[in-house]
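Q: File follows, entry-v8.txt with compact mmCIF, N, CA and C atoms and all ligand atoms:
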# COMPACT_ATOMS: atom_id res chain seq x y z
N MET A 1461 0.85 -1.19 0.00
CA MET A 1461 0.00 0.00 0.00
C MET A 1461 0.89 1.24 0.00
N SER A 1462 0.65 2.13 -0.88
CA SER A 1462 1.47 3.34 -0.91
C SER A 1462 1.01 4.28 0.19
N THR A 1463 1.95 4.98 0.79
CA THR A 1463 1.61 5.81 1.93
C THR A 1463 0.71 6.97 1.51
N SER A 1464 0.76 7.39 0.26
CA SER A 1464 -0.07 8.52 -0.16
C SER A 1464 -1.55 8.15 -0.15
N ALA A 1465 -1.85 6.84 -0.20
CA ALA A 1465 -3.24 6.41 -0.20
C ALA A 1465 -3.73 6.11 1.22
N CYS A 1466 -2.87 6.37 2.19
CA CYS A 1466 -3.22 5.99 3.57
C CYS A 1466 -3.87 7.17 4.29
N ILE A 1467 -5.09 6.95 4.75
CA ILE A 1467 -5.83 8.04 5.40
C ILE A 1467 -5.17 8.45 6.72
N PHE A 1468 -4.56 7.49 7.43
CA PHE A 1468 -3.92 7.85 8.69
C PHE A 1468 -2.62 8.61 8.46
N CYS A 1469 -1.92 8.34 7.35
CA CYS A 1469 -0.75 9.15 7.02
C CYS A 1469 -1.16 10.60 6.76
N GLU A 1470 -2.28 10.78 6.10
CA GLU A 1470 -2.75 12.14 5.85
C GLU A 1470 -3.06 12.85 7.16
N ILE A 1471 -3.71 12.15 8.07
CA ILE A 1471 -4.03 12.74 9.37
C ILE A 1471 -2.73 13.05 10.12
N ALA A 1472 -1.78 12.12 10.09
CA ALA A 1472 -0.52 12.30 10.84
C ALA A 1472 0.27 13.49 10.31
N ARG A 1473 0.18 13.72 9.01
CA ARG A 1473 0.91 14.86 8.44
C ARG A 1473 0.07 16.13 8.51
N SER A 1474 -1.12 16.04 9.13
CA SER A 1474 -2.06 17.17 9.23
C SER A 1474 -2.22 17.86 7.89
N SER A 1475 -2.36 17.06 6.85
CA SER A 1475 -2.52 17.66 5.53
C SER A 1475 -3.86 18.38 5.45
N SER A 1476 -3.96 19.33 4.57
CA SER A 1476 -5.14 20.20 4.52
C SER A 1476 -6.40 19.42 4.14
N SER A 1477 -6.21 18.26 3.49
CA SER A 1477 -7.38 17.47 3.10
C SER A 1477 -7.99 16.75 4.29
N SER A 1478 -7.28 16.76 5.41
CA SER A 1478 -7.80 16.09 6.59
C SER A 1478 -8.41 17.10 7.55
N SER A 1479 -9.65 16.86 7.94
CA SER A 1479 -10.31 17.78 8.87
C SER A 1479 -10.28 17.24 10.29
N THR A 1480 -9.53 16.16 10.48
CA THR A 1480 -9.48 15.52 11.80
C THR A 1480 -8.79 16.43 12.82
N ARG A 1481 -9.44 16.63 13.96
CA ARG A 1481 -8.86 17.45 15.00
C ARG A 1481 -7.90 16.60 15.85
N LEU A 1482 -6.65 17.05 15.93
CA LEU A 1482 -5.67 16.30 16.71
C LEU A 1482 -5.77 16.71 18.18
N VAL A 1483 -5.77 15.72 19.06
CA VAL A 1483 -5.79 16.00 20.49
C VAL A 1483 -4.40 15.85 21.10
N HIS A 1484 -3.47 15.33 20.29
CA HIS A 1484 -2.07 15.26 20.70
C HIS A 1484 -1.22 15.25 19.44
N GLN A 1485 -0.05 15.89 19.52
CA GLN A 1485 0.84 15.94 18.37
C GLN A 1485 2.26 16.15 18.88
N ASP A 1486 3.17 15.24 18.49
CA ASP A 1486 4.60 15.49 18.75
C ASP A 1486 5.39 15.00 17.55
N ASP A 1487 6.72 14.90 17.69
CA ASP A 1487 7.52 14.59 16.50
C ASP A 1487 7.38 13.13 16.06
N LYS A 1488 6.80 12.27 16.90
CA LYS A 1488 6.69 10.85 16.56
C LYS A 1488 5.27 10.35 16.35
N MET A 1489 4.28 11.04 16.95
CA MET A 1489 2.91 10.49 16.91
C MET A 1489 1.86 11.58 17.04
N VAL A 1490 0.64 11.21 16.64
CA VAL A 1490 -0.50 12.09 16.84
C VAL A 1490 -1.64 11.26 17.42
N ALA A 1491 -2.65 11.95 17.98
CA ALA A 1491 -3.82 11.27 18.53
C ALA A 1491 -5.07 12.05 18.13
N PHE A 1492 -6.15 11.31 17.97
CA PHE A 1492 -7.43 11.92 17.59
C PHE A 1492 -8.55 10.98 18.02
N GLN A 1493 -9.78 11.49 17.97
CA GLN A 1493 -10.94 10.68 18.34
C GLN A 1493 -11.23 9.64 17.28
N ASP A 1494 -11.59 8.42 17.70
CA ASP A 1494 -12.01 7.39 16.75
C ASP A 1494 -13.29 7.88 16.07
N ILE A 1495 -13.33 7.69 14.75
CA ILE A 1495 -14.48 8.17 13.98
C ILE A 1495 -15.74 7.38 14.32
N ASN A 1496 -15.57 6.15 14.79
CA ASN A 1496 -16.69 5.30 15.24
C ASN A 1496 -16.50 4.92 16.69
N PRO A 1497 -16.69 5.86 17.60
CA PRO A 1497 -16.39 5.56 19.00
C PRO A 1497 -17.18 4.37 19.52
N ALA A 1498 -16.51 3.52 20.31
CA ALA A 1498 -17.13 2.31 20.84
C ALA A 1498 -17.25 2.38 22.35
N ALA A 1499 -16.90 3.52 22.92
CA ALA A 1499 -16.92 3.65 24.38
C ALA A 1499 -17.15 5.11 24.76
N PHE A 1500 -17.28 5.33 26.05
CA PHE A 1500 -17.49 6.67 26.60
C PHE A 1500 -16.47 7.67 26.03
N ARG A 1501 -15.20 7.28 26.01
CA ARG A 1501 -14.17 8.02 25.27
C ARG A 1501 -13.36 7.01 24.47
N HIS A 1502 -12.99 7.37 23.25
CA HIS A 1502 -12.30 6.42 22.38
C HIS A 1502 -11.35 7.20 21.46
N TYR A 1503 -10.07 7.11 21.74
CA TYR A 1503 -9.06 7.81 20.95
C TYR A 1503 -8.16 6.80 20.24
N LEU A 1504 -7.54 7.27 19.17
CA LEU A 1504 -6.51 6.50 18.49
C LEU A 1504 -5.20 7.26 18.59
N VAL A 1505 -4.12 6.54 18.89
CA VAL A 1505 -2.77 7.12 18.84
C VAL A 1505 -2.04 6.41 17.71
N ILE A 1506 -1.50 7.18 16.78
CA ILE A 1506 -0.81 6.57 15.63
C ILE A 1506 0.59 7.17 15.47
N PRO A 1507 1.55 6.33 15.04
CA PRO A 1507 2.88 6.88 14.75
C PRO A 1507 2.82 7.66 13.44
N ILE A 1508 3.63 8.69 13.33
CA ILE A 1508 3.69 9.45 12.07
C ILE A 1508 4.28 8.58 10.98
N GLN A 1509 5.25 7.75 11.36
CA GLN A 1509 5.84 6.81 10.41
C GLN A 1509 4.80 5.76 10.02
N HIS A 1510 4.73 5.43 8.73
CA HIS A 1510 3.76 4.43 8.28
C HIS A 1510 4.25 3.02 8.61
N ILE A 1511 3.68 2.45 9.66
CA ILE A 1511 3.92 1.04 10.02
C ILE A 1511 2.57 0.36 9.84
N PRO A 1512 2.46 -0.64 8.97
CA PRO A 1512 1.12 -1.18 8.66
C PRO A 1512 0.39 -1.79 9.86
N THR A 1513 0.95 -2.82 10.50
CA THR A 1513 0.21 -3.49 11.58
C THR A 1513 1.18 -3.97 12.66
N VAL A 1514 0.62 -4.55 13.73
CA VAL A 1514 1.47 -5.10 14.80
C VAL A 1514 2.42 -6.17 14.27
N LYS A 1515 2.07 -6.80 13.16
CA LYS A 1515 2.95 -7.83 12.59
C LYS A 1515 4.26 -7.25 12.08
N ASN A 1516 4.29 -5.94 11.85
CA ASN A 1516 5.50 -5.29 11.37
C ASN A 1516 6.39 -4.79 12.50
N LEU A 1517 5.96 -5.03 13.74
CA LEU A 1517 6.76 -4.60 14.89
C LEU A 1517 7.72 -5.71 15.28
N GLN A 1518 8.95 -5.30 15.65
CA GLN A 1518 9.96 -6.28 16.02
C GLN A 1518 10.48 -6.00 17.42
N ARG A 1519 10.88 -7.09 18.08
CA ARG A 1519 11.48 -6.95 19.40
C ARG A 1519 12.72 -6.08 19.30
N GLY A 1520 12.86 -5.16 20.23
CA GLY A 1520 14.03 -4.29 20.23
C GLY A 1520 13.66 -2.89 20.70
N ASP A 1521 14.70 -2.10 20.93
CA ASP A 1521 14.52 -0.75 21.48
C ASP A 1521 13.57 0.12 20.68
N GLU A 1522 13.73 0.09 19.34
CA GLU A 1522 13.00 1.04 18.51
C GLU A 1522 11.48 0.90 18.69
N HIS A 1523 10.98 -0.30 18.49
CA HIS A 1523 9.53 -0.48 18.54
C HIS A 1523 9.02 -0.54 19.97
N PHE A 1524 9.86 -1.04 20.89
CA PHE A 1524 9.46 -1.05 22.30
C PHE A 1524 9.25 0.38 22.79
N SER A 1525 10.17 1.27 22.46
CA SER A 1525 10.01 2.64 22.96
C SER A 1525 8.90 3.37 22.22
N LEU A 1526 8.70 3.05 20.94
CA LEU A 1526 7.60 3.67 20.20
C LEU A 1526 6.25 3.32 20.84
N VAL A 1527 6.02 2.02 21.06
CA VAL A 1527 4.73 1.60 21.62
C VAL A 1527 4.58 2.09 23.06
N THR A 1528 5.68 2.13 23.81
CA THR A 1528 5.63 2.67 25.17
C THR A 1528 5.19 4.13 25.15
N GLN A 1529 5.75 4.90 24.22
CA GLN A 1529 5.36 6.31 24.11
C GLN A 1529 3.91 6.46 23.68
N MET A 1530 3.47 5.62 22.74
CA MET A 1530 2.07 5.67 22.31
C MET A 1530 1.14 5.39 23.49
N LEU A 1531 1.50 4.40 24.29
CA LEU A 1531 0.68 4.05 25.45
C LEU A 1531 0.67 5.19 26.46
N ASN A 1532 1.82 5.83 26.67
CA ASN A 1532 1.86 6.95 27.61
C ASN A 1532 0.99 8.11 27.15
N VAL A 1533 1.02 8.39 25.85
CA VAL A 1533 0.16 9.45 25.30
C VAL A 1533 -1.30 9.10 25.54
N GLY A 1534 -1.67 7.83 25.27
CA GLY A 1534 -3.05 7.39 25.46
C GLY A 1534 -3.49 7.47 26.91
N LYS A 1535 -2.61 7.06 27.82
CA LYS A 1535 -2.96 7.10 29.25
C LYS A 1535 -3.17 8.54 29.72
N THR A 1536 -2.29 9.43 29.28
CA THR A 1536 -2.41 10.84 29.66
C THR A 1536 -3.71 11.42 29.12
N LEU A 1537 -4.03 11.10 27.86
CA LEU A 1537 -5.26 11.60 27.26
C LEU A 1537 -6.49 11.18 28.05
N LEU A 1538 -6.56 9.89 28.38
CA LEU A 1538 -7.75 9.41 29.09
C LEU A 1538 -7.81 9.97 30.51
N GLN A 1539 -6.64 10.18 31.13
CA GLN A 1539 -6.65 10.78 32.47
C GLN A 1539 -7.23 12.19 32.40
N LEU A 1540 -6.92 12.90 31.31
CA LEU A 1540 -7.41 14.27 31.16
C LEU A 1540 -8.88 14.30 30.74
N GLU A 1541 -9.23 13.43 29.79
CA GLU A 1541 -10.54 13.54 29.13
C GLU A 1541 -11.58 12.59 29.69
N ALA A 1542 -11.18 11.62 30.48
CA ALA A 1542 -12.14 10.61 30.94
C ALA A 1542 -11.86 10.24 32.39
N SER A 1543 -11.62 11.26 33.21
CA SER A 1543 -11.28 10.97 34.60
C SER A 1543 -12.47 10.35 35.34
N GLN A 1544 -13.69 10.55 34.80
CA GLN A 1544 -14.89 9.96 35.44
C GLN A 1544 -14.89 8.45 35.32
N SER A 1545 -14.26 7.95 34.24
CA SER A 1545 -14.24 6.50 34.01
C SER A 1545 -12.97 5.94 34.62
N ASN A 1546 -13.10 4.89 35.44
CA ASN A 1546 -11.88 4.34 36.03
C ASN A 1546 -11.45 3.04 35.36
N VAL A 1547 -12.10 2.68 34.25
CA VAL A 1547 -11.67 1.49 33.51
C VAL A 1547 -11.20 1.93 32.13
N HIS A 1548 -9.90 1.89 31.94
CA HIS A 1548 -9.31 2.28 30.68
C HIS A 1548 -8.67 1.06 30.02
N ARG A 1549 -8.82 0.97 28.71
CA ARG A 1549 -8.27 -0.19 28.01
C ARG A 1549 -7.48 0.30 26.79
N PHE A 1550 -6.32 -0.36 26.56
CA PHE A 1550 -5.43 0.06 25.48
C PHE A 1550 -5.00 -1.17 24.69
N GLY A 1551 -5.15 -1.10 23.36
CA GLY A 1551 -4.70 -2.25 22.59
C GLY A 1551 -4.80 -2.06 21.09
N PHE A 1552 -4.37 -3.11 20.40
CA PHE A 1552 -4.27 -3.10 18.94
C PHE A 1552 -5.05 -4.27 18.35
N HIS A 1553 -5.54 -4.08 17.13
CA HIS A 1553 -6.15 -5.20 16.42
C HIS A 1553 -5.09 -5.91 15.58
N ARG A 1554 -5.12 -7.25 15.66
CA ARG A 1554 -4.23 -8.02 14.80
C ARG A 1554 -4.90 -8.16 13.44
N PRO A 1555 -4.11 -8.12 12.35
CA PRO A 1555 -4.73 -8.40 11.06
C PRO A 1555 -5.30 -9.82 11.06
N PRO A 1556 -6.43 -10.12 10.41
CA PRO A 1556 -7.18 -9.22 9.53
C PRO A 1556 -8.27 -8.42 10.25
N PHE A 1557 -8.16 -8.26 11.58
CA PHE A 1557 -9.22 -7.59 12.34
C PHE A 1557 -9.01 -6.07 12.42
N ASN A 1558 -7.90 -5.60 11.88
CA ASN A 1558 -7.66 -4.16 11.93
C ASN A 1558 -8.43 -3.46 10.82
N SER A 1559 -8.87 -2.24 11.09
CA SER A 1559 -9.70 -1.53 10.12
C SER A 1559 -8.85 -0.79 9.09
N VAL A 1560 -7.75 -0.20 9.53
CA VAL A 1560 -6.89 0.58 8.64
C VAL A 1560 -5.47 0.03 8.76
N ASP A 1561 -4.79 -0.13 7.62
CA ASP A 1561 -3.43 -0.67 7.64
C ASP A 1561 -2.41 0.42 7.95
N HIS A 1562 -2.56 1.04 9.08
CA HIS A 1562 -1.57 1.97 9.63
C HIS A 1562 -1.72 1.79 11.14
N LEU A 1563 -0.63 1.37 11.77
CA LEU A 1563 -0.68 1.02 13.19
C LEU A 1563 -1.44 2.06 13.99
N HIS A 1564 -2.38 1.61 14.82
CA HIS A 1564 -3.12 2.55 15.68
C HIS A 1564 -3.46 1.89 17.00
N LEU A 1565 -3.18 2.63 18.06
CA LEU A 1565 -3.48 2.16 19.41
C LEU A 1565 -4.88 2.66 19.79
N HIS A 1566 -5.78 1.71 20.10
CA HIS A 1566 -7.10 2.08 20.59
C HIS A 1566 -7.00 2.40 22.08
N CYS A 1567 -7.53 3.57 22.48
CA CYS A 1567 -7.53 3.99 23.87
C CYS A 1567 -8.99 4.17 24.28
N LEU A 1568 -9.47 3.29 25.12
CA LEU A 1568 -10.90 3.27 25.45
C LEU A 1568 -11.12 3.53 26.93
N ALA A 1569 -12.04 4.47 27.21
CA ALA A 1569 -12.51 4.66 28.58
C ALA A 1569 -13.91 4.05 28.63
N LEU A 1570 -14.06 3.00 29.44
CA LEU A 1570 -15.33 2.28 29.46
C LEU A 1570 -16.37 3.08 30.26
N PRO A 1571 -17.63 2.88 30.12
CA PRO A 1571 -18.25 1.71 29.50
C PRO A 1571 -18.24 1.74 27.96
N PHE A 1572 -18.34 0.52 27.41
CA PHE A 1572 -18.54 0.41 25.97
C PHE A 1572 -19.93 0.92 25.62
N MET A 1573 -20.02 1.58 24.47
CA MET A 1573 -21.30 2.13 24.01
C MET A 1573 -21.47 1.82 22.53
N PRO A 1574 -22.44 1.03 22.12
CA PRO A 1574 -23.29 0.19 22.98
C PRO A 1574 -22.50 -0.98 23.57
N SER A 1575 -23.06 -1.61 24.58
CA SER A 1575 -22.27 -2.54 25.39
C SER A 1575 -21.71 -3.73 24.61
N TRP A 1576 -22.39 -4.17 23.55
CA TRP A 1576 -21.88 -5.33 22.80
C TRP A 1576 -20.58 -5.04 22.08
N LYS A 1577 -20.19 -3.79 21.98
CA LYS A 1577 -18.94 -3.43 21.29
C LYS A 1577 -17.71 -4.02 21.99
N TYR A 1578 -17.89 -4.46 23.25
CA TYR A 1578 -16.75 -5.01 23.97
C TYR A 1578 -16.10 -6.15 23.19
N ILE A 1579 -16.90 -6.86 22.40
CA ILE A 1579 -16.40 -8.04 21.67
C ILE A 1579 -15.21 -7.67 20.80
N LYS A 1580 -15.28 -6.50 20.20
CA LYS A 1580 -14.23 -6.07 19.27
C LYS A 1580 -12.95 -5.66 19.98
N TYR A 1581 -13.05 -5.34 21.27
CA TYR A 1581 -11.90 -4.76 21.98
C TYR A 1581 -11.52 -5.56 23.21
N THR A 1582 -11.76 -6.86 23.16
CA THR A 1582 -11.43 -7.73 24.28
C THR A 1582 -10.53 -8.84 23.78
N SER A 1583 -9.49 -9.12 24.53
CA SER A 1583 -8.58 -10.19 24.16
C SER A 1583 -9.28 -11.52 24.33
N MET A 1584 -9.29 -12.34 23.30
CA MET A 1584 -9.93 -13.66 23.37
C MET A 1584 -8.85 -14.74 23.34
N GLY A 1585 -7.68 -14.45 23.88
CA GLY A 1585 -6.61 -15.43 23.86
C GLY A 1585 -5.87 -15.39 22.54
N PRO A 1586 -5.09 -16.43 22.26
CA PRO A 1586 -4.19 -16.40 21.10
C PRO A 1586 -4.92 -16.22 19.76
N LEU A 1587 -6.17 -16.63 19.69
CA LEU A 1587 -6.88 -16.52 18.41
C LEU A 1587 -7.62 -15.20 18.27
N GLY A 1588 -7.66 -14.45 19.36
CA GLY A 1588 -8.44 -13.22 19.37
C GLY A 1588 -7.84 -12.14 18.49
N GLY A 1589 -8.67 -11.20 18.12
CA GLY A 1589 -8.24 -10.15 17.22
C GLY A 1589 -7.62 -8.96 17.92
N PHE A 1590 -7.77 -8.89 19.25
CA PHE A 1590 -7.34 -7.69 19.98
C PHE A 1590 -6.23 -8.06 20.95
N VAL A 1591 -5.12 -7.35 20.86
CA VAL A 1591 -4.01 -7.61 21.78
C VAL A 1591 -3.80 -6.37 22.66
N GLU A 1592 -3.78 -6.59 23.97
CA GLU A 1592 -3.61 -5.46 24.88
C GLU A 1592 -2.19 -4.92 24.77
N ALA A 1593 -2.08 -3.60 24.90
CA ALA A 1593 -0.80 -2.93 24.70
C ALA A 1593 0.29 -3.51 25.61
N GLU A 1594 -0.05 -3.78 26.86
CA GLU A 1594 0.95 -4.32 27.79
C GLU A 1594 1.46 -5.68 27.34
N LYS A 1595 0.54 -6.50 26.78
CA LYS A 1595 0.93 -7.82 26.27
C LYS A 1595 1.88 -7.67 25.08
N LEU A 1596 1.56 -6.73 24.21
CA LEU A 1596 2.41 -6.51 23.04
C LEU A 1596 3.79 -6.04 23.49
N LEU A 1597 3.83 -5.17 24.50
CA LEU A 1597 5.12 -4.65 24.98
C LEU A 1597 6.01 -5.77 25.51
N GLU A 1598 5.39 -6.79 26.13
CA GLU A 1598 6.19 -7.93 26.60
C GLU A 1598 6.92 -8.60 25.44
N LYS A 1599 6.25 -8.62 24.28
CA LYS A 1599 6.86 -9.28 23.11
C LYS A 1599 7.91 -8.39 22.43
N LEU A 1600 7.84 -7.09 22.68
CA LEU A 1600 8.77 -6.16 22.02
C LEU A 1600 9.96 -5.81 22.91
N LYS A 1601 9.82 -6.10 24.18
CA LYS A 1601 10.84 -5.70 25.16
C LYS A 1601 12.20 -6.29 24.77
N PRO A 1602 13.23 -5.42 24.68
CA PRO A 1602 14.57 -5.92 24.32
C PRO A 1602 15.01 -7.00 25.30
N LEU A 1603 15.63 -8.05 24.78
CA LEU A 1603 16.08 -9.17 25.63
C LEU A 1603 17.35 -8.81 26.38
ZN ZN A 1701 -0.11 5.34 6.80
ZN ZN A 1702 -8.38 -0.86 15.07
So that I can check it, write out the structure of this file as structure tokens.
A:
Amino acid sequence: MSTSACIFCEIARSSSSSSTRLVHQDDKMVAFQDINPAAFRHYLVIPIQHIPTVKNLQRGDEHFSLVTQMLNVGKTLLQLEASQSNVHRFGFHRPPFNSVDHLHLHCLALPFMPSWKYIKYTSMGPLGGFVEAEKLLEKLKPL
């Protein structure tokens, strides 16, 4: 997939064709509201660099620190924007369950809305489509 055809690359570069409001922006990542929120608050944190999916992440400093930073941005966002909710969930969809082929961390402040949406954002074990950020970090942590 060419990066010019990637909607999340356009958002990350804040190109004029994107009307998405960024709630966080730094030299490595941006964050914005999920267009189809599944919970009380639902943000996405994406790297500016085009990384297609979790399958493209490798164990080592580079990706471990990238995902750690993404998680920190997400945690800070939910602390600021969803302090009423004390259940926060962070994770990624494994292909083919991901919606867009540009790595994105789902940051959810529960409750799920509507409640059945939990299915899409709950780890169902090794076959499940959703991997929690902390679990992914264990796999990326430098040995
Ligand atoms: Zn992209
Ligand atoms: Zn997703």
Q: Applying 12 Å and only C-alpha atoms, which residues near A:Lys1595 remain after dropping the ones on its own chain fewer than 3 positions away? List them as a PDB file with N, CA and C atoms, in the frame of the given file.
A:
ATOM      1  N   VAL A1514       0.620  -4.550  13.730  1.00  0.00           N
ATOM      2  CA  VAL A1514       1.470  -5.100  14.800  1.00  0.00           C
ATOM      3  C   VAL A1514       2.420  -6.170  14.270  1.00  0.00           C
ATOM      4  N   PHE A1524       9.860  -1.040  20.890  1.00  0.00           N
ATOM      5  CA  PHE A1524       9.460  -1.050  22.300  1.00  0.00           C
ATOM      6  C   PHE A1524       9.250   0.380  22.790  1.00  0.00           C
ATOM      7  N   VAL A1527       6.020   2.020  21.060  1.00  0.00           N
ATOM      8  CA  VAL A1527       4.730   1.600  21.620  1.00  0.00           C
ATOM      9  C   VAL A1527       4.580   2.090  23.060  1.00  0.00           C
ATOM     10  N   THR A1528       5.680   2.130  23.810  1.00  0.00           N
ATOM     11  CA  THR A1528       5.630   2.670  25.170  1.00  0.00           C
ATOM     12  C   THR A1528       5.190   4.130  25.150  1.00  0.00           C
ATOM     13  N   LEU A1531       1.500   4.400  24.290  1.00  0.00           N
ATOM     14  CA  LEU A1531       0.680   4.050  25.450  1.00  0.00           C
ATOM     15  C   LEU A1531       0.670   5.190  26.460  1.00  0.00           C
ATOM     16  N   PHE A1550      -6.320  -0.360  26.560  1.00  0.00           N
ATOM     17  CA  PHE A1550      -5.430   0.060  25.480  1.00  0.00           C
ATOM     18  C   PHE A1550      -5.000  -1.170  24.690  1.00  0.00           C
ATOM     19  N   GLY A1551      -5.150  -1.100  23.360  1.00  0.00           N
ATOM     20  CA  GLY A1551      -4.700  -2.250  22.590  1.00  0.00           C
ATOM     21  C   GLY A1551      -4.800  -2.060  21.090  1.00  0.00           C
ATOM     22  N   PHE A1552      -4.370  -3.110  20.400  1.00  0.00           N
ATOM     23  CA  PHE A1552      -4.270  -3.100  18.940  1.00  0.00           C
ATOM     24  C   PHE A1552      -5.050  -4.270  18.350  1.00  0.00           C
ATOM     25  N   SER A1583      -9.490  -9.120  24.530  1.00  0.00           N
ATOM     26  CA  SER A1583      -8.580 -10.190  24.160  1.00  0.00           C
ATOM     27  C   SER A1583      -9.280 -11.520  24.330  1.00  0.00           C
ATOM     28  N   GLY A1585      -7.680 -14.450  23.880  1.00  0.00           N
ATOM     29  CA  GLY A1585      -6.610 -15.430  23.860  1.00  0.00           C
ATOM     30  C   GLY A1585      -5.870 -15.390  22.540  1.00  0.00           C
ATOM     31  N   PRO A1586      -5.090 -16.430  22.260  1.00  0.00           N
ATOM     32  CA  PRO A1586      -4.190 -16.400  21.100  1.00  0.00           C
ATOM     33  C   PRO A1586      -4.920 -16.220  19.760  1.00  0.00           C
ATOM     34  N   PHE A1590      -7.770  -8.890  19.250  1.00  0.00           N
ATOM     35  CA  PHE A1590      -7.340  -7.690  19.980  1.00  0.00           C
ATOM     36  C   PHE A1590      -6.230  -8.060  20.950  1.00  0.00           C
ATOM     37  N   VAL A1591      -5.120  -7.350  20.860  1.00  0.00           N
ATOM     38  CA  VAL A1591      -4.010  -7.610  21.780  1.00  0.00           C
ATOM     39  C   VAL A1591      -3.800  -6.370  22.660  1.00  0.00           C
ATOM     40  N   GLU A1592      -3.780  -6.590  23.970  1.00  0.00           N
ATOM     41  CA  GLU A1592      -3.610  -5.460  24.880  1.00  0.00           C
ATOM     42  C   GLU A1592      -2.190  -4.920  24.770  1.00  0.00           C
ATOM     43  N   GLU A1598       5.390  -6.790  26.130  1.00  0.00           N
ATOM     44  CA  GLU A1598       6.190  -7.930  26.600  1.00  0.00           C
ATOM     45  C   GLU A1598       6.920  -8.600  25.440  1.00  0.00           C
ATOM     46  N   LYS A1599       6.250  -8.620  24.280  1.00  0.00           N
ATOM     47  CA  LYS A1599       6.860  -9.280  23.110  1.00  0.00           C
ATOM     48  C   LYS A1599       7.910  -8.390  22.430  1.00  0.00           C
ATOM     49  N   LEU A1600       7.840  -7.090  22.680  1.00  0.00           N
ATOM     50  CA  LEU A1600       8.770  -6.160  22.020  1.00  0.00           C
ATOM     51  C   LEU A1600       9.960  -5.810  22.910  1.00  0.00           C
ATOM     52  N   LYS A1601       9.820  -6.100  24.180  1.00  0.00           N
ATOM     53  CA  LYS A1601      10.840  -5.700  25.160  1.00  0.00           C
ATOM     54  C   LYS A1601      12.200  -6.290  24.770  1.00  0.00           C
TER      55      LYS A1601
END
Q: What residues of the protein or nucleic acid chains come within 10 Å of ligand ZN 1702 (chain A) when you use only C-alpha atoms and all ligand atoms? Reply as a ChimeraX atom specification.
A: /A:1494,1504,1513,1551-1555,1557-1566,1580-1581,1589-1590
Q: With a cut-off of 7 Å, could you pull out the residues of chain A touching ligand ZN 1701 (chain A) and give me the nearest pair of atoms for each, distance in Å to one decimal, using only N, CA and C atoms and all ligand atoms, ordered by chain and ascending number, as CSV?
A:
residue,atom,partner,partner_atom,distance
A:Ser1462,C,A:ZN1701,ZN,6.8
A:Thr1463,CA,A:ZN1701,ZN,5.2
A:Ser1464,N,A:ZN1701,ZN,6.9
A:Ala1465,C,A:ZN1701,ZN,6.7
A:Cys1466,CA,A:ZN1701,ZN,4.5
A:Ile1467,N,A:ZN1701,ZN,5.6
A:Phe1468,C,A:ZN1701,ZN,4.4
A:Cys1469,N,A:ZN1701,ZN,3.5
A:Glu1470,N,A:ZN1701,ZN,5.9
A:Ile1508,C,A:ZN1701,ZN,6.9
A:Gln1509,C,A:ZN1701,ZN,5.9
A:His1510,CA,A:ZN1701,ZN,4.2
A:Ile1511,N,A:ZN1701,ZN,5.6
A:Pro1512,N,A:ZN1701,ZN,6.9
A:Asp1561,C,A:ZN1701,ZN,5.6
A:His1562,CA,A:ZN1701,ZN,4.6
A:Leu1563,N,A:ZN1701,ZN,6.4
Q: Using the chain letters and numbers from this document, which residues of stretch 1463-1561 of chain A does DSSP assign to strand (DSSP E or B), as a list in words?
A: Leu1482, Val1483, His1484, Gln1485, Met1489, Val1490, Ala1491, Phe1492, Gln1493, Ala1499, Phe1500, Arg1501, His1502, Tyr1503, Leu1504, Val1505, Ile1506, Pro1507, His1548, Arg1549, Phe1550, Gly1551, Phe1552 and His1553 of chain A
Q: For A:Leu1568, list every protein, DNA or RNA residue within 5 Å, evaluated using all atoms listed in the file, and leave out those in the same chain fewer than 5 positions away; present the list as a PyMOL selection string.
A: chain A and resi 1501-1502+1548-1549
Q: Could you jot down the atom C of A:Gln1539 to atom CA of A:Ala1593 separation for me, Å, one decimal place?
A: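 Atom C of A:Gln1539 sits 18.1 Å away from atom CA of A:Ala1593.
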Q: Based on DSSP run over this structure's backbone, return all residues of chain A in helix (DSSP H, G or I), as a PyMOL selection string.
A: chain A and resi 1463-1465+1467-1472+1514-1516+1521-1541+1575-1581+1593-1600
